[in-house]
Amino acid sequence: GQSVEGKILCLPSGRGSSTASQVLLELILNGKAPKALILRDRDGLVSVGALVAQSVFPEAKVLDVIQIDDFRGLLEADPKYAQVMADGSMIFGSNKEEVETRAREISSTMGEREVPELSLTQEEQSMMENASTSAEKRAVECIIRYARIASDEPTYVSVEKAHIDGCTYIGPGGLKFVQRLVQEGGHVRIPTTLNSVSTDL
């Protein structure tokens, strides 16, 4: 295998269930994550790990997940280097110097990416205002950001029951996630079940 740390990965889409997002969160919180993910498909599930890191761990490094239309053209061009600009756009080239030169020609802003501010609808604003703890606000923000990936005009429905997937222990990052939610007053509001966890019964 190869280390993905600091690299830009090109993937058609994610595979599997929510464990993929767990792994991505684990990489981010342990400082081993790729610089960015470039996807062919509009895939919200593979982005959840990055969304959780942004919303629950604002001190964590931003991991860009970028969907592009000409994914096949990108692979055929086979660029060796790329730069994610401060506005989320990307520049590709055959070597590092070429990419940095082109980036400077376009913009002098090549620093660390910041999480973009959400422009909320009236319904989303109400959802945020009804969140009573920091943990709830972070959870609602994750839901809204995920919805924007899944649809240009997302709609929301009320639910009476829930199931939490991807709750097995795969490393310290996932444990930090749960601990942060508990510290910030996180709790369930409706009857909620969990996947079976990796313990001896």
# chains A, B, ... in the order shown; residues from 1 in each chain; ligands from 1
$ residues_around --residues "A:Val99" --least-positions-apart "4" --cutoff "10 Å" --atoms "only C-alpha atoms" --output "PyMOL selection string"
chain A and resi 80-83+90-95+103-105
$ residues_around --residues "stretch 62-71 of chain A" --least-positions-apart "6" --cutoff "9 Å" --atoms "only C-alpha atoms" --output "list of chain:residue names"
A:Cys10, A:Leu11, A:Pro12, A:Ile28, A:Ala33, A:Pro34, A:Lys35, A:Ala36, A:Leu37, A:Ile38, A:Leu39, A:Arg40, A:Asp41, A:Arg42, A:Asp43, A:Val46, A:Ser47, A:Ala50, A:Leu51, A:Ala53, A:Gln54, A:Val84, A:Gly88, A:Ser89, A:Glu112, A:Arg113, A:Glu114, A:Val115
$ atom_distance --atom1 "atom CA of A:Glu141" --atom2 "atom CA of A:Asp87"
20.3 Å
$ residues_around --residues "A:Met128" --least-positions-apart "6" --cutoff "10 Å" --atoms "only C-alpha atoms" --output "compact mmCIF listing (two decimals) with N, CA, C and O atoms, in the first residue's frame"
# COMPACT_ATOMS: atom_id res chain seq x y z
N LEU A 120 -28.11 30.16 4.81
CA LEU A 120 -29.22 29.32 5.26
C LEU A 120 -30.56 29.79 4.71
O LEU A 120 -30.82 30.99 4.58
N GLN A 122 -34.76 29.88 5.31
CA GLN A 122 -35.53 30.16 6.53
C GLN A 122 -35.73 28.90 7.36
O GLN A 122 -35.62 28.92 8.59
N GLU A 136 -25.75 19.82 19.32
CA GLU A 136 -26.88 19.83 18.39
C GLU A 136 -26.61 20.77 17.22
O GLU A 136 -26.92 20.45 16.07
N LYS A 137 -26.04 21.93 17.50
CA LYS A 137 -25.76 22.88 16.43
C LYS A 137 -24.77 22.28 15.42
O LYS A 137 -24.93 22.44 14.22
N ARG A 138 -23.77 21.59 15.92
CA ARG A 138 -22.79 20.97 15.03
C ARG A 138 -23.45 19.86 14.21
O ARG A 138 -23.17 19.70 13.02
N ALA A 139 -24.34 19.09 14.84
CA ALA A 139 -25.03 18.01 14.14
C ALA A 139 -25.94 18.57 13.04
O ALA A 139 -25.97 18.05 11.92
N VAL A 140 -26.67 19.63 13.36
CA VAL A 140 -27.55 20.25 12.37
C VAL A 140 -26.73 20.82 11.21
O VAL A 140 -27.11 20.69 10.04
N GLU A 141 -25.60 21.43 11.52
CA GLU A 141 -24.73 21.96 10.46
C GLU A 141 -24.27 20.84 9.52
O GLU A 141 -24.25 21.01 8.30
N ILE A 144 -27.14 19.89 7.23
CA ILE A 144 -27.37 20.90 6.18
C ILE A 144 -26.30 20.82 5.10
O ILE A 144 -26.59 20.85 3.91
$ select_by_dssp --residues "stretch 5-160 of chain A" --states "strand (DSSP E)" --output "list in words"
Ile8, Leu9, Cys10, Leu11, Ala36, Leu37, Ile38, Leu39, Asp64, Val65, Ile66, Gln67, Tyr81, Ala82, Gln83, Val84, Met90, Ile91, Phe92 and Gly93 of chain A
$ write_last_selection --atoms "N, CA and C atoms" --output "short mmCIF file (atom, residue, chain, number, x, y, z; two decimals), in the first residue's frame"
data_model
loop_
_atom_site.label_atom_id
_atom_site.label_comp_id
_atom_site.auth_asym_id
_atom_site.auth_seq_id
_atom_site.Cartn_x
_atom_site.Cartn_y
_atom_site.Cartn_z
N ILE A 8 -3.51 14.20 -3.41
CA ILE A 8 -4.84 14.45 -3.93
C ILE A 8 -5.32 13.16 -4.60
N LEU A 9 -6.40 12.59 -4.09
CA LEU A 9 -6.91 11.32 -4.60
C LEU A 9 -8.05 11.56 -5.58
N CYS A 10 -8.02 10.85 -6.69
CA CYS A 10 -9.09 10.91 -7.68
C CYS A 10 -9.88 9.61 -7.61
N LEU A 11 -11.15 9.70 -7.28
CA LEU A 11 -12.01 8.53 -7.12
C LEU A 11 -13.30 8.74 -7.90
N ALA A 36 -6.84 16.44 -0.68
CA ALA A 36 -8.18 16.63 -1.24
C ALA A 36 -8.64 15.33 -1.89
N LEU A 37 -9.96 15.22 -2.06
CA LEU A 37 -10.56 14.13 -2.83
C LEU A 37 -11.24 14.73 -4.04
N ILE A 38 -10.96 14.19 -5.22
CA ILE A 38 -11.65 14.62 -6.43
C ILE A 38 -12.55 13.47 -6.86
N LEU A 39 -13.85 13.74 -6.98
CA LEU A 39 -14.83 12.71 -7.29
C LEU A 39 -15.47 12.94 -8.65
N ASP A 64 -10.66 19.12 1.32
CA ASP A 64 -11.57 19.45 0.23
C ASP A 64 -12.07 18.19 -0.45
N VAL A 65 -13.37 18.13 -0.68
CA VAL A 65 -13.97 17.07 -1.49
C VAL A 65 -14.61 17.76 -2.68
N ILE A 66 -14.06 17.54 -3.87
CA ILE A 66 -14.42 18.31 -5.06
C ILE A 66 -14.97 17.37 -6.13
N GLN A 67 -16.15 17.68 -6.64
CA GLN A 67 -16.74 16.89 -7.73
C GLN A 67 -16.52 17.65 -9.03
N TYR A 81 0.88 17.04 -10.49
CA TYR A 81 0.76 17.94 -9.34
C TYR A 81 -0.52 18.77 -9.45
N ALA A 82 -1.03 19.22 -8.31
CA ALA A 82 -2.22 20.06 -8.29
C ALA A 82 -2.18 20.97 -7.08
N GLN A 83 -2.90 22.06 -7.15
CA GLN A 83 -3.00 23.01 -6.04
C GLN A 83 -4.46 23.36 -5.84
N VAL A 84 -4.94 23.25 -4.59
CA VAL A 84 -6.29 23.68 -4.25
C VAL A 84 -6.20 25.15 -3.83
N MET A 90 -9.19 24.40 -8.56
CA MET A 90 -7.96 23.63 -8.61
C MET A 90 -7.15 23.96 -9.86
N ILE A 91 -5.85 23.84 -9.74
CA ILE A 91 -4.93 24.03 -10.85
C ILE A 91 -4.07 22.78 -10.97
N PHE A 92 -3.94 22.28 -12.20
CA PHE A 92 -3.18 21.06 -12.45
C PHE A 92 -1.97 21.37 -13.32
N GLY A 93 -0.94 20.54 -13.19
CA GLY A 93 0.25 20.71 -14.01
C GLY A 93 1.16 19.51 -13.95
#
$ atom_distance --atom1 "atom CA of A:Ala77" --atom2 "atom CA of A:Lys96"
15.7 Å
$ residues_around --residues "A:Gln22" --least-positions-apart "3" --cutoff "6 Å" --atoms "only C-alpha atoms" --output "number ranges by chain"
A: 19, 25, 49
$ write_last_selection --atoms "N, CA and C atoms" --output "mmCIF file, in the first residue's frame"
data_model
loop_
_atom_site.group_PDB
_atom_site.id
_atom_site.type_symbol
_atom_site.label_atom_id
_atom_site.label_comp_id
_atom_site.auth_asym_id
_atom_site.auth_seq_id
_atom_site.Cartn_x
_atom_site.Cartn_y
_atom_site.Cartn_z
ATOM 1 N N THR A 19 -18.712 3.228 7.119
ATOM 2 C CA THR A 19 -17.356 2.982 7.620
ATOM 3 C C THR A 19 -16.320 3.750 6.812
ATOM 4 N N LEU A 25 -12.522 10.286 8.586
ATOM 5 C CA LEU A 25 -12.431 11.101 9.797
ATOM 6 C C LEU A 25 -11.197 10.707 10.599
ATOM 7 N N GLY A 49 -17.173 12.090 6.434
ATOM 8 C CA GLY A 49 -16.027 12.194 7.330
ATOM 9 C C GLY A 49 -15.438 13.596 7.337
#
$ closest_residue --among "A:Glu117, A:Val56, A:Arg72, A:Asn30" --to "A:Val178" --atoms "only C-alpha atoms"
A:Val56
$ residues_around --residues "A:Leu181" --least-positions-apart "3" --cutoff "12 Å" --atoms "only C-alpha atoms" --output "count of residues only"
21
$ atom_distance --atom1 "atom CA of A:Glu98" --atom2 "atom CA of A:Gly73"
19.4 Å
$ select_by_dssp --residues "chain A" --states "alpha helix (DSSP H)" --output "PyMOL selection string"
chain A and resi 19-29+48-56+71-77+96-106+122-130+134-150+172-183
